[in-house]
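Okay, so here's the structure we're looking at.
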Amino acid sequence: MSLTHPESGVRRFVFDAIAIFVLVLSGGFFVLPILGEDPKGGGNAAITAEEIRAHVQFLASDELEGREAGLEGAERAARYIASAFRAYGLKPIGDGGTFEQRFSFVARVVPGPMNRLRLKTEAGEREFAFGGDFVPLALSSRGAVEGEVLFAGYGISAPELGYDDYMGIEVSGRLVLVLDGSPDGQDPHGRFQGYRAPQRKIATAREKGARSVLFIAAEGKAEEDRLAMLRYDPMFGEAGIPVLLLGRAAASEVLRIAGRDLAELERSLASTATPRSFVLSGVRLVVQADVEKEMRQTANVVGLLEGSDPTLKDEIIIIGAHYDHLGRGGEHSLAPHRMGEVHNGADDNASGVAGMLELAQALAAARASLRRSVLFIAFSAEEVGLLGSNHYVKHPLLPLERTIAMFNFDMIGRLRESGVIVYGVGTSPFWQAALERANENARLNLRFRDDGVGPSDHTSFYLKDIPVLHFFTGVHEDYHKPSDDAEKINAEGAQRIISLAYELVRELDRQPTRPAFVRAREERREAIASGFRVYIGTIPDYAESVEGVKIAGVRPGSPAERAGIRTGDVILRVGRREIRNVYDYTYALQELKEGEEVEFVILRSGDRLSLKVTPERRRAF
């Protein structure tokens with residue numbers, strides 16, 4: 001809130017044998033209190049702040065190196081969770097009778113052996129050096145191109161803001177050279193904030209006909225620049241054209257041959273906020289980008305607590321929390337100056353996993369009185385696009401049609417006076433009154449949100465018509481930073497939240513029938529700041545890799561629903577903008593105007609269809 005393989009059986013057995021102990025750093029010494037006194041669930045069933053704190057201290061320790069999906073730290077976290085499930089007496093229903101549901105994903109893109117950049121001038125040719133002079137970006141497609149070079153300033157086309165680096169310039173067939181940043185620098189509140197992303201600059205250049213994009217690094221050597229650290233982005237996929245990063249020294253040399261000075265161009269753009277685009281006279285570049293996708297394996301950790309009722313035990317309540325985090329940073333870190341430091345993710349989401357484990361222990365102790373079955377899932381690869389939960393709903397271990405509800409815990413470790421935000425309350429008429437009854441003892445300040453869609457794993461289940469609740473104590477100054485450490489967790493607050501959830505699960509289990517599912521209307525206030533002026537009502541499938549954007553859901557009563565867009569449709573074009581990925585779709589929607597009909601070209605069951613959509617104004621709150 002993104003290349004390892006399964007270990008040998010011997011090493012895994014040894015780790016499982018010892019991982020039922022929690023590693024706690026106490027007074028400078030390592031203490032190993034036992035997780036569960038009774039592996040069958042007959043031990044201490046109390047939900048305690050002490051145990052929550054112990055779970056967090058292990059999961060958020062430096063030894064786990066930020067739990068990046070597919071790396072050893074996340075594998076250790078997964079084994080720890082599986083060992084806890086075993087200690088509580090949960091049933092392994094994963095691969096081969098284990099607690100794991102493994103899957104593969106594209107972890108990163110690495111340079112291949114055939115990258116090349118060559119400068120052609122009337123005086124001759126010059127070969128640039130890979131690494132120092134240039135590197136391909138992780139967003140690049142493979143390919144080789146040659147052509148004239150267009151310097152396009154910041155690569156921003158924002159006529160609605162009175163700024164367009166491409167105005168009056170022929171782009172088609174050329175290679176576009178652009179600066180990082182924008183006319184207002186990196187100001188997070190600046191008016192160009194929504195135009196700085198490399199993905200948007202690439203999409204804009206490609207739409208205008210560029211054959212390649214070359215970014216100018218802030219560092220002298222390309223390989224040392226922050227843009228060189230970009231990772232594979234599943235929501236963007238490939239650029240569709242070669243994309244390189246030029247070291248500042250190499251870019252200065254190319255511009256100097258055309259009679260231009262890079263530092264002077266930067267000063268002029270910064271001082272006047274007026275585009276200074278031009279074709280580099282007498283300069284041609286030969287670009288060859290070679291990138292390779294590196295796959296990793298990771299696993300959801302799954303454990304089943306079977307119900308006791310002969311009939312109702314076939315109905316499943318899912319309780320989930322993601323256990324992965326950012327490793328040592330990357331592009332999702334909000335502390336870019338601290339790249340390489342461990343991002344421990346104590347709140348995001350060791351706190352949610354700790355809460356889930358306490359809930360598993362408490363419900364396991366009460367198994368004799370549980371009528372329905374409860375499936376606990378610790379999801380992996382949430383930080384790179386809800387991949388673990390998306391994999392589960394596409395490959396369910398228990399039938400989704402028998403799954404009656406899903407509870408999600410993501411960042412529950414910073415309870416403050418502002419209270420707990422509970423998302424998904426509008427996904428079933430059962431939720432609100434039941435939450436209020438469960439809260440009579442916990443006395444939490446609950447803030448209800450109807451929507452079942454949000455940036456965490458409950459979304460994957462809501463889109464399969466399953467009632468969901470997501471518990472969240474809010475973003476804070478340590479979010480996605482190395483400073484999200486265990487000592488800052490409010491374990492007593494998390495204990496209160498999990499105690500409330502326990503009462504809620506017990507009440508749900510006592511119901512004679514499953515809760516009704518309702519498609520909640522979107523709460524539109526949260527998207528205003530992202531630059532959306534209009535409302536369409538589509539929900540993209542962020543984990544699906546297709547050419548275009550596959551729609552995972554359509555809001556009831558929305559412009560998209562009225563136009564005939566359906567779940568499963570693949571959007572190929574919006575107006576004149578071709579859609580290759582979620583970024584293209586996002587930028588297209590940001591350009592739409594209220595009440596102005598626009599053509600959507602979609603792919604449905606192999607047929608291309610044209611639908612007319614009339615955007616509505618997005619309400620401000």
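Ordering of the structure tokens sets the chain letters (A, B, ...); residue numbers start at 1 within each chain; ligands are numbered from 1 in the order shown.
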Write out, as JSON lines, each residue of segment 290-340 of chain A that has an atom at most 7 Å from segment 102-118 of chain A, together with the closest pair of atoms and their distance in Å to one decimal, counting only C-alpha atoms, rows going by chain and rising number.
{"residue": "A:Asp290", "atom": "CA", "partner": "A:Gly112", "partner_atom": "CA", "distance": 4.9}
{"residue": "A:Val291", "atom": "CA", "partner": "A:Pro111", "partner_atom": "CA", "distance": 4.5}
{"residue": "A:Glu292", "atom": "CA", "partner": "A:Val110", "partner_atom": "CA", "distance": 5.3}
{"residue": "A:Lys293", "atom": "CA", "partner": "A:Val109", "partner_atom": "CA", "distance": 4.5}
{"residue": "A:Glu294", "atom": "CA", "partner": "A:Arg108", "partner_atom": "CA", "distance": 5.4}
{"residue": "A:Met295", "atom": "CA", "partner": "A:Val106", "partner_atom": "CA", "distance": 4.6}
{"residue": "A:Arg296", "atom": "CA", "partner": "A:Ser104", "partner_atom": "CA", "distance": 5.5}
{"residue": "A:Gln297", "atom": "CA", "partner": "A:Ser104", "partner_atom": "CA", "distance": 4.4}
{"residue": "A:Thr298", "atom": "CA", "partner": "A:Arg102", "partner_atom": "CA", "distance": 5.6}
{"residue": "A:Ala299", "atom": "CA", "partner": "A:Arg102", "partner_atom": "CA", "distance": 4.0}
{"residue": "A:Asn300", "atom": "CA", "partner": "A:Arg102", "partner_atom": "CA", "distance": 6.3}
Output file for the residues above (C-alpha atoms, as a PDB file, in the first residue's frame):
ATOM      1  CA  ASP A 290      18.625  -5.251 -26.419  1.00  0.00           C
ATOM      2  CA  VAL A 291      16.788  -6.134 -23.219  1.00  0.00           C
ATOM      3  CA  GLU A 292      15.857  -9.452 -21.647  1.00  0.00           C
ATOM      4  CA  LYS A 293      13.115 -10.241 -19.149  1.00  0.00           C
ATOM      5  CA  GLU A 294      14.216 -11.971 -15.983  1.00  0.00           C
ATOM      6  CA  MET A 295      11.611 -14.244 -14.424  1.00  0.00           C
ATOM      7  CA  ARG A 296      11.371 -15.027 -10.726  1.00  0.00           C
ATOM      8  CA  GLN A 297       9.322 -17.421  -8.669  1.00  0.00           C
ATOM      9  CA  THR A 298       7.466 -16.494  -5.530  1.00  0.00           C
ATOM     10  CA  ALA A 299       4.571 -17.947  -3.568  1.00  0.00           C
ATOM     11  CA  ASN A 300       1.333 -17.169  -1.848  1.00  0.00           C
TER      12      ASN A 300
END
Exercise: His476 of chain A partners within 10 Å, only C-alpha atoms, chain neighbours under 5 positions left out, as a PyMOL selection string: chain A and resi 347+414+484
Neighbouring residues of Val601 of chain A were defined as those with any atom within 9 Å, considering only C-alpha atoms; residues of the same chain fewer than 2 positions away were excluded. Please report them as a count of residues only. 13
If DSSP is run on the backbone, what residues of segment 73-186 of chain A are strand (DSSP E or B)? A reply as a tab-separated table (two decimals) with N, CA and C atoms, in the first residue's frame would be ideal.
chain	number	residue	atom	x	y	z
A	91	LYS	N	-4.40	-26.56	7.69
A	91	LYS	CA	-4.17	-27.61	6.70
A	91	LYS	C	-3.47	-27.02	5.48
A	100	GLU	N	2.38	-23.66	0.06
A	100	GLU	CA	2.75	-22.71	-0.98
A	100	GLU	C	1.87	-22.84	-2.23
A	101	GLN	N	1.53	-21.70	-2.80
A	101	GLN	CA	0.97	-21.64	-4.15
A	101	GLN	C	1.94	-20.80	-4.97
A	102	ARG	N	2.82	-21.46	-5.71
A	102	ARG	CA	3.91	-20.76	-6.38
A	102	ARG	C	3.46	-20.24	-7.74
A	103	PHE	N	4.08	-19.13	-8.16
A	103	PHE	CA	3.84	-18.58	-9.49
A	103	PHE	C	5.07	-17.80	-9.92
A	104	SER	N	5.17	-17.57	-11.21
A	104	SER	CA	6.29	-16.83	-11.78
A	104	SER	C	5.84	-15.46	-12.23
A	105	PHE	N	6.76	-14.52	-12.26
A	105	PHE	CA	6.44	-13.16	-12.72
A	105	PHE	C	7.71	-12.53	-13.29
A	106	VAL	N	7.52	-11.50	-14.10
A	106	VAL	CA	8.66	-10.76	-14.63
A	106	VAL	C	9.16	-9.84	-13.53
A	107	ALA	N	10.34	-10.15	-13.03
A	107	ALA	CA	10.88	-9.39	-11.90
A	107	ALA	C	11.61	-8.13	-12.35
A	108	ARG	N	12.31	-8.25	-13.46
A	108	ARG	CA	13.05	-7.09	-13.95
A	108	ARG	C	13.47	-7.34	-15.39
A	109	VAL	N	13.94	-6.27	-15.99
A	109	VAL	CA	14.49	-6.35	-17.34
A	109	VAL	C	15.96	-6.02	-17.25
A	110	VAL	N	16.79	-6.85	-17.87
A	110	VAL	CA	18.24	-6.65	-17.81
A	110	VAL	C	18.77	-6.43	-19.23
A	111	PRO	N	19.88	-5.70	-19.37
A	111	PRO	CA	20.45	-5.50	-20.71
A	111	PRO	C	20.92	-6.80	-21.34
A	116	ARG	N	23.80	-1.01	-28.54
A	116	ARG	CA	24.75	-0.23	-29.34
A	116	ARG	C	24.23	1.19	-29.55
A	117	LEU	N	25.14	2.14	-29.54
A	117	LEU	CA	24.81	3.52	-29.86
A	117	LEU	C	25.97	4.10	-30.66
A	118	ARG	N	25.65	4.54	-31.89
A	118	ARG	CA	26.70	5.06	-32.78
A	118	ARG	C	26.28	6.42	-33.31
A	119	LEU	N	27.20	7.37	-33.30
A	119	LEU	CA	26.98	8.72	-33.80
A	119	LEU	C	27.55	8.85	-35.20
A	120	LYS	N	26.74	9.40	-36.11
A	120	LYS	CA	27.19	9.65	-37.49
A	120	LYS	C	27.15	11.14	-37.77
A	121	THR	N	28.28	11.69	-38.24
A	121	THR	CA	28.35	13.09	-38.66
A	121	THR	C	29.13	13.15	-39.97
A	124	GLY	N	32.62	11.83	-39.61
A	124	GLY	CA	32.88	10.42	-39.38
A	124	GLY	C	31.89	9.82	-38.39
A	125	GLU	N	32.30	8.72	-37.84
A	125	GLU	CA	31.44	8.00	-36.92
A	125	GLU	C	32.13	7.80	-35.57
A	126	ARG	N	31.30	7.68	-34.54
A	126	ARG	CA	31.82	7.50	-33.18
A	126	ARG	C	30.95	6.49	-32.45
A	127	GLU	N	31.57	5.48	-31.87
A	127	GLU	CA	30.86	4.44	-31.14
A	127	GLU	C	30.88	4.81	-29.65
A	130	PHE	N	28.90	1.24	-23.86
A	130	PHE	CA	27.78	0.78	-23.04
A	130	PHE	C	28.13	0.96	-21.56
A	134	PHE	N	25.81	5.09	-22.29
A	134	PHE	CA	24.38	4.82	-22.46
A	134	PHE	C	24.03	3.45	-21.88
A	135	VAL	N	22.75	3.32	-21.54
A	135	VAL	CA	22.16	2.03	-21.16
A	135	VAL	C	20.72	2.02	-21.67
A	136	PRO	N	20.16	0.84	-21.96
A	136	PRO	CA	18.73	0.80	-22.28
A	136	PRO	C	17.92	0.89	-21.00
A	143	GLY	N	15.07	-3.51	-30.41
A	143	GLY	CA	14.97	-2.99	-31.76
A	143	GLY	C	16.17	-2.16	-32.15
A	144	ALA	N	16.34	-1.95	-33.46
A	144	ALA	CA	17.43	-1.14	-34.00
A	144	ALA	C	16.83	-0.10	-34.93
A	145	VAL	N	17.22	1.16	-34.76
A	145	VAL	CA	16.72	2.25	-35.60
A	145	VAL	C	17.87	3.20	-35.89
A	146	GLU	N	17.72	3.97	-36.96
A	146	GLU	CA	18.67	5.01	-37.31
A	146	GLU	C	17.89	6.22	-37.80
A	147	GLY	N	18.34	7.42	-37.42
A	147	GLY	CA	17.64	8.59	-37.91
A	147	GLY	C	18.17	9.89	-37.36
A	148	GLU	N	17.52	10.98	-37.82
A	148	GLU	CA	17.83	12.31	-37.31
A	148	GLU	C	17.39	12.41	-35.85
A	149	VAL	N	17.97	13.38	-35.16
A	149	VAL	CA	17.70	13.53	-33.74
A	149	VAL	C	16.98	14.85	-33.50
A	150	LEU	N	15.90	14.78	-32.76
A	150	LEU	CA	15.13	15.96	-32.36
A	150	LEU	C	15.30	16.18	-30.86
A	151	PHE	N	15.83	17.34	-30.48
A	151	PHE	CA	15.84	17.70	-29.06
A	151	PHE	C	14.48	18.29	-28.73
A	157	SER	N	3.97	17.45	-23.64
A	157	SER	CA	2.95	18.07	-24.47
A	157	SER	C	1.73	18.33	-23.60
A	158	ALA	N	1.60	19.57	-23.14
A	158	ALA	CA	0.50	19.95	-22.25
A	158	ALA	C	-0.09	21.27	-22.72
A	163	TYR	N	1.93	24.83	-22.50
A	163	TYR	CA	3.30	24.38	-22.72
A	163	TYR	C	3.29	23.13	-23.61
A	164	ASP	N	4.10	23.16	-24.68
A	164	ASP	CA	4.15	22.00	-25.57
A	164	ASP	C	5.51	21.95	-26.26
A	175	LEU	N	14.46	10.38	-33.93
A	175	LEU	CA	14.80	9.93	-32.58
A	175	LEU	C	14.71	11.15	-31.67
A	176	VAL	N	13.99	11.02	-30.57
A	176	VAL	CA	13.70	12.16	-29.71
A	176	VAL	C	14.60	12.14	-28.48
A	177	LEU	N	15.31	13.25	-28.26
A	177	LEU	CA	16.21	13.43	-27.13
A	177	LEU	C	15.51	14.33	-26.11
A	178	VAL	N	15.33	13.86	-24.86
A	178	VAL	CA	14.56	14.63	-23.88
A	178	VAL	C	15.28	14.67	-22.54
A	179	LEU	N	14.99	15.73	-21.79
A	179	LEU	CA	15.50	15.89	-20.44
A	179	LEU	C	14.58	15.20	-19.43
As a PyMOL selection string, please: the residues near segment 539-547 of chain A (cut-off 10 Å, only C-alpha atoms, same-chain neighbours under 3 positions excluded). chain A and resi 234-238+384-391+453+460+463+536+550-555+567-572+579-582+585-586
Can you spit out the residues from that selection as a short mmCIF file (atom, residue, chain, number, x, y, z; two decimals), in the first residue's frame, using N, CA and C atoms?
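And here's selection_19.cif as it stands now:
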data_model
loop_
_atom_site.label_atom_id
_atom_site.label_comp_id
_atom_site.auth_asym_id
_atom_site.auth_seq_id
_atom_site.Cartn_x
_atom_site.Cartn_y
_atom_site.Cartn_z
N PRO A 234 4.86 -3.83 -14.84
CA PRO A 234 3.86 -4.65 -15.52
C PRO A 234 2.69 -3.85 -16.07
N MET A 235 2.43 -2.67 -15.53
CA MET A 235 1.33 -1.85 -16.03
C MET A 235 1.71 -1.10 -17.31
N PHE A 236 3.02 -1.01 -17.57
CA PHE A 236 3.49 -0.35 -18.78
C PHE A 236 3.92 -1.36 -19.83
N GLY A 237 4.55 -2.44 -19.36
CA GLY A 237 5.06 -3.44 -20.29
C GLY A 237 6.23 -2.89 -21.07
N GLU A 238 6.15 -2.97 -22.39
CA GLU A 238 7.22 -2.47 -23.25
C GLU A 238 6.79 -1.18 -23.92
N VAL A 384 4.11 -5.09 -6.73
CA VAL A 384 4.35 -4.93 -8.16
C VAL A 384 3.07 -5.13 -8.97
N GLY A 385 1.91 -4.96 -8.32
CA GLY A 385 0.67 -4.99 -9.08
C GLY A 385 -0.36 -6.01 -8.64
N LEU A 386 -0.47 -6.29 -7.34
CA LEU A 386 -1.46 -7.24 -6.82
C LEU A 386 -1.32 -8.61 -7.49
N LEU A 387 -0.09 -9.01 -7.80
CA LEU A 387 0.10 -10.22 -8.60
C LEU A 387 -0.31 -11.48 -7.86
N GLY A 388 -0.03 -11.54 -6.55
CA GLY A 388 -0.37 -12.74 -5.80
C GLY A 388 -1.85 -12.98 -5.69
N SER A 389 -2.60 -11.95 -5.34
CA SER A 389 -4.06 -12.12 -5.22
C SER A 389 -4.69 -12.32 -6.59
N ASN A 390 -4.14 -11.67 -7.60
CA ASN A 390 -4.66 -11.88 -8.95
C ASN A 390 -4.41 -13.31 -9.41
N HIS A 391 -3.24 -13.84 -9.05
CA HIS A 391 -2.97 -15.24 -9.41
C HIS A 391 -3.94 -16.17 -8.69
N VAL A 453 -12.80 -1.29 -4.47
CA VAL A 453 -11.59 -1.19 -5.29
C VAL A 453 -10.59 -0.27 -4.61
N SER A 460 -8.84 -7.70 -5.98
CA SER A 460 -8.91 -8.89 -6.84
C SER A 460 -10.14 -9.73 -6.55
N LEU A 463 -13.59 -7.83 -7.57
CA LEU A 463 -13.85 -7.92 -9.00
C LEU A 463 -14.37 -9.28 -9.41
N ILE A 536 -15.31 7.82 -16.13
CA ILE A 536 -15.72 6.84 -17.14
C ILE A 536 -16.33 5.61 -16.49
N LYS A 550 -7.09 -4.66 -20.64
CA LYS A 550 -8.23 -5.52 -20.36
C LYS A 550 -9.02 -4.95 -19.19
N ILE A 551 -10.33 -4.98 -19.31
CA ILE A 551 -11.20 -4.40 -18.29
C ILE A 551 -11.62 -5.49 -17.31
N ALA A 552 -11.30 -5.26 -16.03
CA ALA A 552 -11.64 -6.23 -14.99
C ALA A 552 -13.03 -5.98 -14.41
N GLY A 553 -13.54 -4.77 -14.56
CA GLY A 553 -14.86 -4.47 -14.02
C GLY A 553 -15.38 -3.15 -14.57
N VAL A 554 -16.70 -3.00 -14.53
CA VAL A 554 -17.35 -1.77 -14.99
C VAL A 554 -18.28 -1.29 -13.88
N ARG A 555 -18.16 -0.02 -13.52
CA ARG A 555 -18.97 0.53 -12.43
C ARG A 555 -20.45 0.58 -12.82
N THR A 567 -17.01 -6.23 -18.74
CA THR A 567 -15.86 -6.92 -18.16
C THR A 567 -15.29 -7.90 -19.18
N GLY A 568 -13.97 -7.88 -19.32
CA GLY A 568 -13.31 -8.76 -20.29
C GLY A 568 -12.98 -8.08 -21.60
N ASP A 569 -13.60 -6.94 -21.89
CA ASP A 569 -13.25 -6.19 -23.10
C ASP A 569 -11.80 -5.70 -23.01
N VAL A 570 -11.14 -5.60 -24.16
CA VAL A 570 -9.78 -5.05 -24.23
C VAL A 570 -9.84 -3.74 -24.99
N ILE A 571 -9.47 -2.66 -24.35
CA ILE A 571 -9.51 -1.33 -24.97
C ILE A 571 -8.25 -1.13 -25.81
N LEU A 572 -8.46 -0.83 -27.10
CA LEU A 572 -7.36 -0.66 -28.04
C LEU A 572 -7.11 0.79 -28.42
N ILE A 579 -3.94 2.58 -27.54
CA ILE A 579 -3.74 2.12 -26.17
C ILE A 579 -2.96 0.82 -26.17
N ARG A 580 -1.75 0.87 -25.61
CA ARG A 580 -0.92 -0.32 -25.47
C ARG A 580 -0.92 -0.87 -24.05
N ASN A 581 -1.13 0.01 -23.06
CA ASN A 581 -0.98 -0.39 -21.66
C ASN A 581 -1.80 0.54 -20.77
N VAL A 582 -1.74 0.28 -19.48
CA VAL A 582 -2.54 1.06 -18.52
C VAL A 582 -2.12 2.52 -18.51
N TYR A 585 -3.76 4.32 -21.32
CA TYR A 585 -5.19 4.49 -21.02
C TYR A 585 -5.40 5.61 -20.00
N THR A 586 -4.54 5.65 -19.00
CA THR A 586 -4.64 6.71 -17.99
C THR A 586 -4.47 8.08 -18.62
#
List the neighbours of Glu331 of chain A out to 8 Å using only C-alpha atoms; skip same-chain residues closer than 2 positions along the sequence, and give me the result as number ranges by chain. A: 229-231, 329, 333, 336
Nearest-residue call for Gly307 of chain A, choices A:Ala129, A:Leu370, A:Ala491, A:Ile565, using only C-alpha atoms: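 Selected residue with least distance to Gly307 of chain A: A:Leu370.
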For each of A:Thr98, A:Ser61, A:Gln361, A:Gln199, take the minimum atom-to-atom distance to Val301 of chain A, counting only C-alpha atoms, then give the residue where this is smallest.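 Going through A:Thr98, A:Ser61, A:Gln361, A:Gln199 one by one, the smallest distance to Val301 of chain A is for A:Thr98.
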When DSSP works through the backbone of this structure, what residues of segment 28-259 of chain A end up as alpha helix (DSSP H), shown as an MDAnalysis selection string? chainID A and resid 49:59 72:88 198:207 248:257
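We find atom CA of Val302 of chain A and atom CA of Ala360 of chain A to be spaced 11.4 Å apart.
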Leaving out Gly66 of chain A and any residue of its chain fewer than 4 positions from it, which residues lie within 10 Å of it when counting only C-alpha atoms, given as number ranges by chain? A: 59-62, 71-74, 77, 323-329, 341-346, 482
Would you mind exporting the chosen residues as a PDB file, in the first residue's frame, restricted to C-alpha atoms?
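Just written: again_16.pdb:
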ATOM      1  CA  LEU A  59       9.308  -9.853   9.389  1.00  0.00           C
ATOM      2  CA  ALA A  60      10.671  -6.284   9.394  1.00  0.00           C
ATOM      3  CA  SER A  61      14.201  -7.197  10.476  1.00  0.00           C
ATOM      4  CA  ASP A  62      17.174  -6.216   8.331  1.00  0.00           C
ATOM      5  CA  LEU A  71      14.332 -12.911  -3.353  1.00  0.00           C
ATOM      6  CA  GLU A  72      15.635 -14.771  -0.323  1.00  0.00           C
ATOM      7  CA  GLY A  73      14.207 -12.342   2.249  1.00  0.00           C
ATOM      8  CA  ALA A  74      10.675 -12.906   0.972  1.00  0.00           C
ATOM      9  CA  ALA A  77       9.183 -14.625   5.347  1.00  0.00           C
ATOM     10  CA  TYR A 323       3.951 -10.108   2.999  1.00  0.00           C
ATOM     11  CA  ASP A 324       6.237  -8.661   0.288  1.00  0.00           C
ATOM     12  CA  HIS A 325       7.747  -5.187   0.320  1.00  0.00           C
ATOM     13  CA  LEU A 326      10.273  -3.102  -1.652  1.00  0.00           C
ATOM     14  CA  GLY A 327      13.539  -4.826  -0.814  1.00  0.00           C
ATOM     15  CA  ARG A 328      16.232  -2.156  -1.085  1.00  0.00           C
ATOM     16  CA  GLY A 329      14.108   0.477  -2.760  1.00  0.00           C
ATOM     17  CA  GLU A 341      19.060   0.743   1.978  1.00  0.00           C
ATOM     18  CA  VAL A 342      16.751  -1.930   3.337  1.00  0.00           C
ATOM     19  CA  HIS A 343      13.086  -0.880   3.220  1.00  0.00           C
ATOM     20  CA  ASN A 344      11.812  -3.002   6.097  1.00  0.00           C
ATOM     21  CA  GLY A 345       8.100  -2.378   5.582  1.00  0.00           C
ATOM     22  CA  ALA A 346       7.079  -2.799   9.225  1.00  0.00           C
ATOM     23  CA  PRO A 482      13.650   2.782   4.956  1.00  0.00           C
TER      24      PRO A 482
END
With distances taken over only C-alpha atoms, which of A:Tyr166, A:Tyr232, A:Phe471, A:Tyr195 is nearest to Val279 of chain A?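 Using only C-alpha atoms, the shortest distance to Val279 of chain A belongs to A:Tyr166.
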Pairwise distance for atom CA of Gln186 of chain A and atom CA of Arg338 of chain A, rounded to one decimal in Å: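 Calculated distance between atom CA of Gln186 of chain A and atom CA of Arg338 of chain A is 16.9 Å.
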Using only C-alpha atoms, which residues sit within 10 Å of Glu122 of chain A once same-chain residues fewer than 4 positions away are excluded, as a list of chain:residue names? A:Gly282, A:Val283, A:Arg284
Have a look at A:Phe215, A:Glu51, A:Lys481, A:Thr311 and name the one nearest to Leu334 of chain A; count only C-alpha atoms. A:Lys481
